[in-house]
Amino acid sequence: ALGAAAAAAVSWPPLPALAAGAAPILSWDLGGAAMPTLALNTAGLNSDEAERATRLAFTAGITHIDFHPGIERDGVARAIASSGRSPSTYFLTTKIRAVKDPAVTPAQAAALARKQIEEDLAVLGVPRVDMLMLRDCPDCAVMQVQWAVLEEALAAGKTRAIGTVNYCEKQLDCLLRSAKVKPAVNYYMFHVGMGPDAHGLRSYGEKAGVRTFGYGALGEPGPSPLIMDSPVLGRIGAAHGRSAAEVALRWALQSGVAMSVRPTSDFSLGVSACGEEGGACADGLLERAAAFGWALSKREMAEIDALDAPDGIPALFSSACNPDRIGI
């Protein structure tokens with residue numbers, strides 16, 4: 001397996017207790033799995049960049065790594081193999097590949113999910129991951145049988161928690177009709193301008209016991225100028241010695257959601273970057289790790305809560321809930 005074989009010599013800097021200027025990253029108890037509420041999002045990174053970003057995230061104090069199967073996973077595998085860290089010191093979140101072919105039957109979809117779980121564990125060189133998340137599908141029956149596979153993996157100790165990706169209300173309803181275990185989290189876009197309830201999806205999920213794990217604090221599929229250049233965020237940030245981007249992330253976290261963050265603001269649809277060691281990627285991760293070291297006032301939170309731009313559809317990349325979705 002790649003994970004077991006990839007422990008090539010890598011010069012790791014000493015791991016600090018906390019990155020400079022940071023405070024402890026809060027965790028959620030997901031039924032025995034302590035999930036850090038700030039994660040590195042490797043979306044759009046190639047294998048080498050995912051490896052580098054994972055190493056730099058660990059150094060910055062970010063131990064939750066959120067990745068896709070394939071090249072991102074392969075880079076993460078090399079990073080954890082060479083780190084010398086015990087699996088108990090990091091939190092791995094990955095996703096079941098989306099079923100895009102309408103000809104795939106529910107039974108075939110279940111088999112694909114089982115095969116991927118075994119493949120991912122072999123490549124990562126670990127006996128289990130910490131979170132398996134199920135991508136959405138227009139076919140309710142496919143989602144239900146694949147969710148049953150994730151429940152099997154949970155019972156077998158191959159994951160410590162299970163969740164969903166880009167599920168809107170009707171998809172959560174579909175899943176909950178047959179689920180024996182409710183999703184611990186629903187992973188969807190959450191940023192300034194959408195409101196703290198994300199157009200009702202957050203409260204809808206929370207009523208069923210499903211927490212929000214957000215992505216896109218700076219906008220998607222790329223950073224939004226309405227966030228990065230926001231006069232309101234800029235003014236509030238200046239009062240704290242922070243940038244508009246830092247305010248946007250702090251607002252999301254302080255609103256009570258978990259967030260998965262790109263290492264820098266240099267990203268677009270399917271593309272991200274983590275260049276040379278000690279450059280913008282390292283600086284960006286240190287900045288993000290420091291998000292728990294300061295706070296917005298109640299008045300500042302209320303002012304940001306009221307912003308209505310840039311708006312967005314929470315399940316932005318959903319194949320069933322967003323007919324105008326951006327293809328990925």
# chains A, B, ... in the order shown; residues from 1 in each chain; ligands from 1
$ closest_atom_pairs --of "stretch 13-113 of chain A" --to "stretch 124-146 of chain A" --cutoff "10 Å" --atoms "only C-alpha atoms" --output "CSV"
residue,atom,partner,partner_atom,distance
A:Leu30,CA,A:Met131,CA,9.8
A:Ala33,CA,A:Asp130,CA,7.2
A:Ala34,CA,A:Asp130,CA,9.0
A:Met35,CA,A:Asp130,CA,8.2
A:His64,CA,A:Asp130,CA,9.4
A:Ile65,CA,A:Asp130,CA,9.9
A:Asp66,CA,A:Met131,CA,9.0
A:Arg73,CA,A:Leu124,CA,7.4
A:Asp74,CA,A:Leu124,CA,7.3
A:Gly75,CA,A:Leu124,CA,9.3
A:Val76,CA,A:Leu124,CA,7.6
A:Ala77,CA,A:Leu124,CA,4.6
A:Arg78,CA,A:Leu124,CA,7.9
A:Ala79,CA,A:Leu124,CA,9.7
A:Ile80,CA,A:Leu124,CA,8.1
A:Ala81,CA,A:Gly125,CA,7.6
A:Pro87,CA,A:Val126,CA,7.7
A:Ser88,CA,A:Asp130,CA,9.6
A:Tyr90,CA,A:Asp130,CA,8.8
A:Phe91,CA,A:Asp130,CA,5.6
A:Leu92,CA,A:Asp130,CA,5.1
A:Thr93,CA,A:Met131,CA,4.5
A:Thr94,CA,A:Leu132,CA,5.4
A:Lys95,CA,A:Met133,CA,4.6
A:Ile96,CA,A:Leu134,CA,5.2
A:Arg97,CA,A:Arg135,CA,6.5
A:Ala98,CA,A:Arg135,CA,5.3
A:Val99,CA,A:Cys137,CA,6.4
A:Lys100,CA,A:Cys137,CA,7.4
A:Asp101,CA,A:Cys137,CA,9.8
A:Pro102,CA,A:Asp139,CA,8.0
A:Val104,CA,A:Val142,CA,8.5
A:Thr105,CA,A:Val142,CA,7.2
A:Pro106,CA,A:Val142,CA,4.6
A:Ala107,CA,A:Val145,CA,7.4
A:Gln108,CA,A:Val142,CA,8.9
A:Ala109,CA,A:Val142,CA,6.3
A:Ala110,CA,A:Gln146,CA,4.9
A:Ala111,CA,A:Gln146,CA,8.4
A:Leu112,CA,A:Gln146,CA,8.7
A:Ala113,CA,A:Gln146,CA,6.4
$ select_by_dssp --residues "stretch 147-322 of chain A" --states "strand (DSSP E or B)" --output "PyMOL selection string"
chain A and resi 159+162-165+185-189+211-215+258-261+268+271
$ write_last_selection --atoms "C-alpha atoms" --output "CSV table (one decimal), in the first residue's frame"
chain,number,residue,atom,x,y,z
A,159,THR,CA,-14.4,4.9,10.3
A,162,ILE,CA,-20.1,9.3,9.0
A,163,GLY,CA,-21.5,12.3,7.3
A,164,THR,CA,-22.9,13.8,4.0
A,165,VAL,CA,-21.6,16.1,1.3
A,185,VAL,CA,-22.3,16.4,9.8
A,186,ASN,CA,-23.5,17.8,6.6
A,187,TYR,CA,-20.7,19.4,4.5
A,188,TYR,CA,-21.8,22.3,2.4
A,189,MET,CA,-20.8,25.9,1.4
A,211,ARG,CA,-24.2,19.5,12.4
A,212,THR,CA,-22.8,21.8,9.8
A,213,PHE,CA,-19.3,21.3,8.4
A,214,GLY,CA,-18.7,24.2,6.1
A,215,TYR,CA,-16.4,24.9,3.2
A,258,ALA,CA,-16.9,23.6,11.7
A,259,MET,CA,-14.9,24.8,8.6
A,260,SER,CA,-12.6,23.2,6.0
A,261,VAL,CA,-10.2,25.8,4.6
A,268,SER,CA,-10.5,28.3,-8.4
A,271,VAL,CA,-7.5,24.1,-8.7
$ closest_residue --among "A:Ile227, A:Ile236, A:Ala252, A:Ile62" --to "A:Arg299" --atoms "only C-alpha atoms"
A:Ile236
$ closest_residue --among "A:His191, A:Met301, A:Ala208, A:Glu118" --to "A:Lys158" --atoms "only C-alpha atoms"
A:Glu118
$ atom_distance --atom1 "atom CA of A:Leu286" --atom2 "atom CA of A:Ala60"
5.2 Å
$ closest_residue --among "A:Thr59, A:Thr54, A:Asn41, A:Ser265" --to "A:Pro223" --atoms "only C-alpha atoms"
A:Ser265
$ select_by_dssp --residues "stretch 205-282 of chain A" --states "helix (DSSP H, G or I)" --output "PDB file with N, CA, C and O atoms, in the first residue's frame"
ATOM      1  N   GLY A 205     -31.002  20.788   9.420  1.00  0.00           N
ATOM      2  CA  GLY A 205     -30.162  19.662   9.782  1.00  0.00           C
ATOM      3  C   GLY A 205     -30.028  19.505  11.282  1.00  0.00           C
ATOM      4  O   GLY A 205     -30.089  18.394  11.818  1.00  0.00           O
ATOM      5  N   GLU A 206     -29.837  20.629  11.973  1.00  0.00           N
ATOM      6  CA  GLU A 206     -29.616  20.561  13.411  1.00  0.00           C
ATOM      7  C   GLU A 206     -30.832  20.008  14.151  1.00  0.00           C
ATOM      8  O   GLU A 206     -30.676  19.352  15.190  1.00  0.00           O
ATOM      9  N   LYS A 207     -32.031  20.244  13.628  1.00  0.00           N
ATOM     10  CA  LYS A 207     -33.228  19.668  14.251  1.00  0.00           C
ATOM     11  C   LYS A 207     -33.190  18.141  14.208  1.00  0.00           C
ATOM     12  O   LYS A 207     -33.796  17.476  15.053  1.00  0.00           O
ATOM     13  N   PRO A 225     -14.720  38.614  -4.503  1.00  0.00           N
ATOM     14  CA  PRO A 225     -14.312  39.995  -4.201  1.00  0.00           C
ATOM     15  C   PRO A 225     -15.221  40.662  -3.175  1.00  0.00           C
ATOM     16  O   PRO A 225     -14.784  41.558  -2.445  1.00  0.00           O
ATOM     17  N   LEU A 226     -16.495  40.217  -3.102  1.00  0.00           N
ATOM     18  CA  LEU A 226     -17.423  40.792  -2.142  1.00  0.00           C
ATOM     19  C   LEU A 226     -17.070  40.412  -0.713  1.00  0.00           C
ATOM     20  O   LEU A 226     -17.529  41.064   0.241  1.00  0.00           O
ATOM     21  N   ILE A 227     -16.253  39.376  -0.550  1.00  0.00           N
ATOM     22  CA  ILE A 227     -15.731  39.013   0.763  1.00  0.00           C
ATOM     23  C   ILE A 227     -14.338  39.602   0.951  1.00  0.00           C
ATOM     24  O   ILE A 227     -14.062  40.298   1.931  1.00  0.00           O
ATOM     25  N   MET A 228     -13.477  39.347  -0.017  1.00  0.00           N
ATOM     26  CA  MET A 228     -12.075  39.762   0.125  1.00  0.00           C
ATOM     27  C   MET A 228     -11.917  41.280   0.209  1.00  0.00           C
ATOM     28  O   MET A 228     -11.026  41.787   0.890  1.00  0.00           O
ATOM     29  N   PRO A 231     -15.972  46.274   2.475  1.00  0.00           N
ATOM     30  CA  PRO A 231     -15.690  47.394   3.388  1.00  0.00           C
ATOM     31  C   PRO A 231     -16.034  47.062   4.835  1.00  0.00           C
ATOM     32  O   PRO A 231     -15.316  47.484   5.755  1.00  0.00           O
ATOM     33  N   VAL A 232     -17.112  46.307   5.042  1.00  0.00           N
ATOM     34  CA  VAL A 232     -17.521  45.949   6.398  1.00  0.00           C
ATOM     35  C   VAL A 232     -16.491  45.024   7.037  1.00  0.00           C
ATOM     36  O   VAL A 232     -16.022  45.261   8.157  1.00  0.00           O
ATOM     37  N   LEU A 233     -16.120  43.960   6.328  1.00  0.00           N
ATOM     38  CA  LEU A 233     -15.133  43.026   6.869  1.00  0.00           C
ATOM     39  C   LEU A 233     -13.779  43.702   7.037  1.00  0.00           C
ATOM     40  O   LEU A 233     -13.055  43.435   8.002  1.00  0.00           O
ATOM     41  N   GLY A 234     -13.434  44.575   6.088  1.00  0.00           N
ATOM     42  CA  GLY A 234     -12.167  45.292   6.186  1.00  0.00           C
ATOM     43  C   GLY A 234     -12.119  46.192   7.400  1.00  0.00           C
ATOM     44  O   GLY A 234     -11.103  46.254   8.107  1.00  0.00           O
ATOM     45  N   ARG A 235     -13.221  46.915   7.648  1.00  0.00           N
ATOM     46  CA  ARG A 235     -13.269  47.822   8.798  1.00  0.00           C
ATOM     47  C   ARG A 235     -13.193  47.041  10.110  1.00  0.00           C
ATOM     48  O   ARG A 235     -12.457  47.408  11.034  1.00  0.00           O
ATOM     49  N   ILE A 236     -13.962  45.971  10.194  1.00  0.00           N
ATOM     50  CA  ILE A 236     -13.948  45.157  11.407  1.00  0.00           C
ATOM     51  C   ILE A 236     -12.574  44.519  11.601  1.00  0.00           C
ATOM     52  O   ILE A 236     -12.031  44.483  12.708  1.00  0.00           O
ATOM     53  N   GLY A 237     -11.994  44.038  10.505  1.00  0.00           N
ATOM     54  CA  GLY A 237     -10.676  43.435  10.596  1.00  0.00           C
ATOM     55  C   GLY A 237      -9.623  44.422  11.076  1.00  0.00           C
ATOM     56  O   GLY A 237      -8.758  44.083  11.896  1.00  0.00           O
ATOM     57  N   ALA A 238      -9.684  45.648  10.584  1.00  0.00           N
ATOM     58  CA  ALA A 238      -8.702  46.658  10.969  1.00  0.00           C
ATOM     59  C   ALA A 238      -8.723  46.910  12.474  1.00  0.00           C
ATOM     60  O   ALA A 238      -7.682  47.173  13.089  1.00  0.00           O
ATOM     61  N   ALA A 239      -9.903  46.804  13.060  1.00  0.00           N
ATOM     62  CA  ALA A 239     -10.023  47.022  14.508  1.00  0.00           C
ATOM     63  C   ALA A 239      -9.340  45.925  15.310  1.00  0.00           C
ATOM     64  O   ALA A 239      -9.017  46.118  16.489  1.00  0.00           O
ATOM     65  N   HIS A 240      -9.115  44.772  14.664  1.00  0.00           N
ATOM     66  CA  HIS A 240      -8.489  43.643  15.349  1.00  0.00           C
ATOM     67  C   HIS A 240      -7.098  43.333  14.794  1.00  0.00           C
ATOM     68  O   HIS A 240      -6.465  42.363  15.228  1.00  0.00           O
ATOM     69  N   ALA A 244      -9.760  40.984   5.951  1.00  0.00           N
ATOM     70  CA  ALA A 244     -11.157  40.632   5.691  1.00  0.00           C
ATOM     71  C   ALA A 244     -11.325  39.115   5.631  1.00  0.00           C
ATOM     72  O   ALA A 244     -12.328  38.569   6.113  1.00  0.00           O
ATOM     73  N   ALA A 245     -10.352  38.420   5.045  1.00  0.00           N
ATOM     74  CA  ALA A 245     -10.423  36.958   4.947  1.00  0.00           C
ATOM     75  C   ALA A 245     -10.409  36.325   6.334  1.00  0.00           C
ATOM     76  O   ALA A 245     -11.140  35.354   6.594  1.00  0.00           O
ATOM     77  N   GLU A 246      -9.592  36.858   7.232  1.00  0.00           N
ATOM     78  CA  GLU A 246      -9.550  36.322   8.594  1.00  0.00           C
ATOM     79  C   GLU A 246     -10.876  36.563   9.312  1.00  0.00           C
ATOM     80  O   GLU A 246     -11.346  35.702  10.071  1.00  0.00           O
ATOM     81  N   VAL A 247     -11.483  37.716   9.072  1.00  0.00           N
ATOM     82  CA  VAL A 247     -12.779  38.008   9.683  1.00  0.00           C
ATOM     83  C   VAL A 247     -13.837  37.034   9.163  1.00  0.00           C
ATOM     84  O   VAL A 247     -14.669  36.528   9.927  1.00  0.00           O
ATOM     85  N   ALA A 248     -13.799  36.756   7.862  1.00  0.00           N
ATOM     86  CA  ALA A 248     -14.786  35.848   7.269  1.00  0.00           C
ATOM     87  C   ALA A 248     -14.707  34.465   7.897  1.00  0.00           C
ATOM     88  O   ALA A 248     -15.737  33.839   8.193  1.00  0.00           O
ATOM     89  N   LEU A 249     -13.493  33.957   8.101  1.00  0.00           N
ATOM     90  CA  LEU A 249     -13.338  32.644   8.721  1.00  0.00           C
ATOM     91  C   LEU A 249     -13.745  32.685  10.185  1.00  0.00           C
ATOM     92  O   LEU A 249     -14.446  31.778  10.674  1.00  0.00           O
ATOM     93  N   ARG A 250     -13.328  33.731  10.895  1.00  0.00           N
ATOM     94  CA  ARG A 250     -13.673  33.827  12.316  1.00  0.00           C
ATOM     95  C   ARG A 250     -15.179  33.886  12.504  1.00  0.00           C
ATOM     96  O   ARG A 250     -15.730  33.259  13.428  1.00  0.00           O
ATOM     97  N   TRP A 251     -15.868  34.624  11.623  1.00  0.00           N
ATOM     98  CA  TRP A 251     -17.332  34.713  11.712  1.00  0.00           C
ATOM     99  C   TRP A 251     -17.960  33.330  11.587  1.00  0.00           C
ATOM    100  O   TRP A 251     -18.859  32.972  12.362  1.00  0.00           O
ATOM    101  N   ALA A 252     -17.506  32.549  10.623  1.00  0.00           N
ATOM    102  CA  ALA A 252     -18.078  31.216  10.422  1.00  0.00           C
ATOM    103  C   ALA A 252     -17.853  30.341  11.646  1.00  0.00           C
ATOM    104  O   ALA A 252     -18.783  29.684  12.139  1.00  0.00           O
ATOM    105  N   LEU A 253     -16.630  30.310  12.148  1.00  0.00           N
ATOM    106  CA  LEU A 253     -16.327  29.488  13.312  1.00  0.00           C
ATOM    107  C   LEU A 253     -17.093  29.960  14.545  1.00  0.00           C
ATOM    108  O   LEU A 253     -17.643  29.151  15.303  1.00  0.00           O
ATOM    109  N   GLN A 254     -17.144  31.261  14.734  1.00  0.00           N
ATOM    110  CA  GLN A 254     -17.826  31.804  15.908  1.00  0.00           C
ATOM    111  C   GLN A 254     -19.331  31.623  15.811  1.00  0.00           C
ATOM    112  O   GLN A 254     -20.037  31.642  16.826  1.00  0.00           O
ATOM    113  N   ALA A 280       3.703  31.107   0.818  1.00  0.00           N
ATOM    114  CA  ALA A 280       2.334  31.539   1.080  1.00  0.00           C
ATOM    115  C   ALA A 280       1.498  30.443   1.714  1.00  0.00           C
ATOM    116  O   ALA A 280       0.602  30.716   2.529  1.00  0.00           O
ATOM    117  N   CYS A 281       1.770  29.194   1.356  1.00  0.00           N
ATOM    118  CA  CYS A 281       0.986  28.075   1.904  1.00  0.00           C
ATOM    119  C   CYS A 281       1.212  27.949   3.406  1.00  0.00           C
ATOM    120  O   CYS A 281       0.262  27.828   4.184  1.00  0.00           O
ATOM    121  N   ALA A 282       2.463  27.976   3.822  1.00  0.00           N
ATOM    122  CA  ALA A 282       2.768  27.899   5.253  1.00  0.00           C
ATOM    123  C   ALA A 282       2.180  29.088   5.999  1.00  0.00           C
ATOM    124  O   ALA A 282       1.578  28.934   7.074  1.00  0.00           O
TER     125      ALA A 282
END
$ closest_residue --among "A:Leu121, A:Ala198, A:Leu150, A:Ala43" --to "A:Pro183" --atoms "only C-alpha atoms"
A:Leu150
$ decode --residues "stretch 238-251 of chain A" --atoms "all heavy atoms" --output "PDB file, in the first residue's frame"
ATOM      1  N   ALA A 238      -9.684  45.648  10.584  1.00  0.00           N
ATOM      2  CA  ALA A 238      -8.702  46.658  10.969  1.00  0.00           C
ATOM      3  C   ALA A 238      -8.723  46.910  12.474  1.00  0.00           C
ATOM      4  O   ALA A 238      -7.682  47.173  13.089  1.00  0.00           O
ATOM      5  CB  ALA A 238      -8.970  47.957  10.211  1.00  0.00           C
ATOM      6  N   ALA A 239      -9.903  46.804  13.060  1.00  0.00           N
ATOM      7  CA  ALA A 239     -10.023  47.022  14.508  1.00  0.00           C
ATOM      8  C   ALA A 239      -9.340  45.925  15.310  1.00  0.00           C
ATOM      9  O   ALA A 239      -9.017  46.118  16.489  1.00  0.00           O
ATOM     10  CB  ALA A 239     -11.495  47.115  14.893  1.00  0.00           C
ATOM     11  N   HIS A 240      -9.115  44.772  14.664  1.00  0.00           N
ATOM     12  CA  HIS A 240      -8.489  43.643  15.349  1.00  0.00           C
ATOM     13  C   HIS A 240      -7.098  43.333  14.794  1.00  0.00           C
ATOM     14  O   HIS A 240      -6.465  42.363  15.228  1.00  0.00           O
ATOM     15  CB  HIS A 240      -9.361  42.388  15.186  1.00  0.00           C
ATOM     16  CG  HIS A 240     -10.694  42.464  15.859  1.00  0.00           C
ATOM     17  ND1 HIS A 240     -10.881  42.117  17.185  1.00  0.00           N
ATOM     18  CD2 HIS A 240     -11.915  42.856  15.395  1.00  0.00           C
ATOM     19  CE1 HIS A 240     -12.157  42.286  17.504  1.00  0.00           C
ATOM     20  NE2 HIS A 240     -12.807  42.737  16.439  1.00  0.00           N
ATOM     21  N   GLY A 241      -6.648  44.131  13.842  1.00  0.00           N
ATOM     22  CA  GLY A 241      -5.374  43.834  13.201  1.00  0.00           C
ATOM     23  C   GLY A 241      -5.447  42.603  12.314  1.00  0.00           C
ATOM     24  O   GLY A 241      -4.460  41.865  12.187  1.00  0.00           O
ATOM     25  N   ARG A 242      -6.616  42.382  11.686  1.00  0.00           N
ATOM     26  CA  ARG A 242      -6.851  41.196  10.867  1.00  0.00           C
ATOM     27  C   ARG A 242      -7.329  41.597   9.477  1.00  0.00           C
ATOM     28  O   ARG A 242      -7.824  42.713   9.263  1.00  0.00           O
ATOM     29  CB  ARG A 242      -7.919  40.297  11.508  1.00  0.00           C
ATOM     30  CG  ARG A 242      -7.642  39.935  12.961  1.00  0.00           C
ATOM     31  CD  ARG A 242      -6.578  38.883  13.102  1.00  0.00           C
ATOM     32  NE  ARG A 242      -6.255  38.636  14.508  1.00  0.00           N
ATOM     33  CZ  ARG A 242      -5.481  37.638  14.917  1.00  0.00           C
ATOM     34  NH1 ARG A 242      -4.956  36.800  14.047  1.00  0.00           N
ATOM     35  NH2 ARG A 242      -5.232  37.485  16.208  1.00  0.00           N
ATOM     36  N   SER A 243      -7.197  40.670   8.539  1.00  0.00           N
ATOM     37  CA  SER A 243      -7.670  40.910   7.177  1.00  0.00           C
ATOM     38  C   SER A 243      -9.150  40.562   7.056  1.00  0.00           C
ATOM     39  O   SER A 243      -9.738  39.902   7.935  1.00  0.00           O
ATOM     40  CB  SER A 243      -6.878  40.046   6.195  1.00  0.00           C
ATOM     41  OG  SER A 243      -7.168  38.667   6.395  1.00  0.00           O
ATOM     42  N   ALA A 244      -9.760  40.984   5.951  1.00  0.00           N
ATOM     43  CA  ALA A 244     -11.157  40.632   5.691  1.00  0.00           C
ATOM     44  C   ALA A 244     -11.325  39.115   5.631  1.00  0.00           C
ATOM     45  O   ALA A 244     -12.328  38.569   6.113  1.00  0.00           O
ATOM     46  CB  ALA A 244     -11.621  41.272   4.379  1.00  0.00           C
ATOM     47  N   ALA A 245     -10.352  38.420   5.045  1.00  0.00           N
ATOM     48  CA  ALA A 245     -10.423  36.958   4.947  1.00  0.00           C
ATOM     49  C   ALA A 245     -10.409  36.325   6.334  1.00  0.00           C
ATOM     50  O   ALA A 245     -11.140  35.354   6.594  1.00  0.00           O
ATOM     51  CB  ALA A 245      -9.257  36.437   4.112  1.00  0.00           C
ATOM     52  N   GLU A 246      -9.592  36.858   7.232  1.00  0.00           N
ATOM     53  CA  GLU A 246      -9.550  36.322   8.594  1.00  0.00           C
ATOM     54  C   GLU A 246     -10.876  36.563   9.312  1.00  0.00           C
ATOM     55  O   GLU A 246     -11.346  35.702  10.071  1.00  0.00           O
ATOM     56  CB  GLU A 246      -8.403  36.960   9.369  1.00  0.00           C
ATOM     57  CG  GLU A 246      -7.027  36.507   8.935  1.00  0.00           C
ATOM     58  CD  GLU A 246      -5.934  37.229   9.697  1.00  0.00           C
ATOM     59  OE1 GLU A 246      -5.581  38.374   9.294  1.00  0.00           O
ATOM     60  OE2 GLU A 246      -5.444  36.667  10.687  1.00  0.00           O
ATOM     61  N   VAL A 247     -11.483  37.716   9.072  1.00  0.00           N
ATOM     62  CA  VAL A 247     -12.779  38.008   9.683  1.00  0.00           C
ATOM     63  C   VAL A 247     -13.837  37.034   9.163  1.00  0.00           C
ATOM     64  O   VAL A 247     -14.669  36.528   9.927  1.00  0.00           O
ATOM     65  CB  VAL A 247     -13.198  39.465   9.410  1.00  0.00           C
ATOM     66  CG1 VAL A 247     -14.627  39.716   9.912  1.00  0.00           C
ATOM     67  CG2 VAL A 247     -12.229  40.431  10.071  1.00  0.00           C
ATOM     68  N   ALA A 248     -13.799  36.756   7.862  1.00  0.00           N
ATOM     69  CA  ALA A 248     -14.786  35.848   7.269  1.00  0.00           C
ATOM     70  C   ALA A 248     -14.707  34.465   7.897  1.00  0.00           C
ATOM     71  O   ALA A 248     -15.737  33.839   8.193  1.00  0.00           O
ATOM     72  CB  ALA A 248     -14.570  35.760   5.761  1.00  0.00           C
ATOM     73  N   LEU A 249     -13.493  33.957   8.101  1.00  0.00           N
ATOM     74  CA  LEU A 249     -13.338  32.644   8.721  1.00  0.00           C
ATOM     75  C   LEU A 249     -13.745  32.685  10.185  1.00  0.00           C
ATOM     76  O   LEU A 249     -14.446  31.778  10.674  1.00  0.00           O
ATOM     77  CB  LEU A 249     -11.895  32.161   8.585  1.00  0.00           C
ATOM     78  CG  LEU A 249     -11.548  30.854   9.313  1.00  0.00           C
ATOM     79  CD1 LEU A 249     -12.423  29.706   8.827  1.00  0.00           C
ATOM     80  CD2 LEU A 249     -10.073  30.515   9.143  1.00  0.00           C
ATOM     81  N   ARG A 250     -13.328  33.731  10.895  1.00  0.00           N
ATOM     82  CA  ARG A 250     -13.673  33.827  12.316  1.00  0.00           C
ATOM     83  C   ARG A 250     -15.179  33.886  12.504  1.00  0.00           C
ATOM     84  O   ARG A 250     -15.730  33.259  13.428  1.00  0.00           O
ATOM     85  CB  ARG A 250     -13.001  35.055  12.937  1.00  0.00           C
ATOM     86  CG  ARG A 250     -13.322  35.243  14.421  1.00  0.00           C
ATOM     87  CD  ARG A 250     -12.835  34.083  15.275  1.00  0.00           C
ATOM     88  NE  ARG A 250     -13.667  33.933  16.457  1.00  0.00           N
ATOM     89  CZ  ARG A 250     -13.568  32.936  17.319  1.00  0.00           C
ATOM     90  NH1 ARG A 250     -12.672  31.977  17.125  1.00  0.00           N
ATOM     91  NH2 ARG A 250     -14.361  32.856  18.369  1.00  0.00           N
ATOM     92  N   TRP A 251     -15.868  34.624  11.623  1.00  0.00           N
ATOM     93  CA  TRP A 251     -17.332  34.713  11.712  1.00  0.00           C
ATOM     94  C   TRP A 251     -17.960  33.330  11.587  1.00  0.00           C
ATOM     95  O   TRP A 251     -18.859  32.972  12.362  1.00  0.00           O
ATOM     96  CB  TRP A 251     -17.872  35.644  10.625  1.00  0.00           C
ATOM     97  CG  TRP A 251     -19.369  35.602  10.529  1.00  0.00           C
ATOM     98  CD1 TRP A 251     -20.271  36.287  11.296  1.00  0.00           C
ATOM     99  CD2 TRP A 251     -20.149  34.812   9.616  1.00  0.00           C
ATOM    100  NE1 TRP A 251     -21.563  35.973  10.928  1.00  0.00           N
ATOM    101  CE2 TRP A 251     -21.515  35.071   9.898  1.00  0.00           C
ATOM    102  CE3 TRP A 251     -19.817  33.924   8.593  1.00  0.00           C
ATOM    103  CZ2 TRP A 251     -22.541  34.449   9.190  1.00  0.00           C
ATOM    104  CZ3 TRP A 251     -20.848  33.302   7.887  1.00  0.00           C
ATOM    105  CH2 TRP A 251     -22.196  33.568   8.184  1.00  0.00           C
TER     106      TRP A 251
END
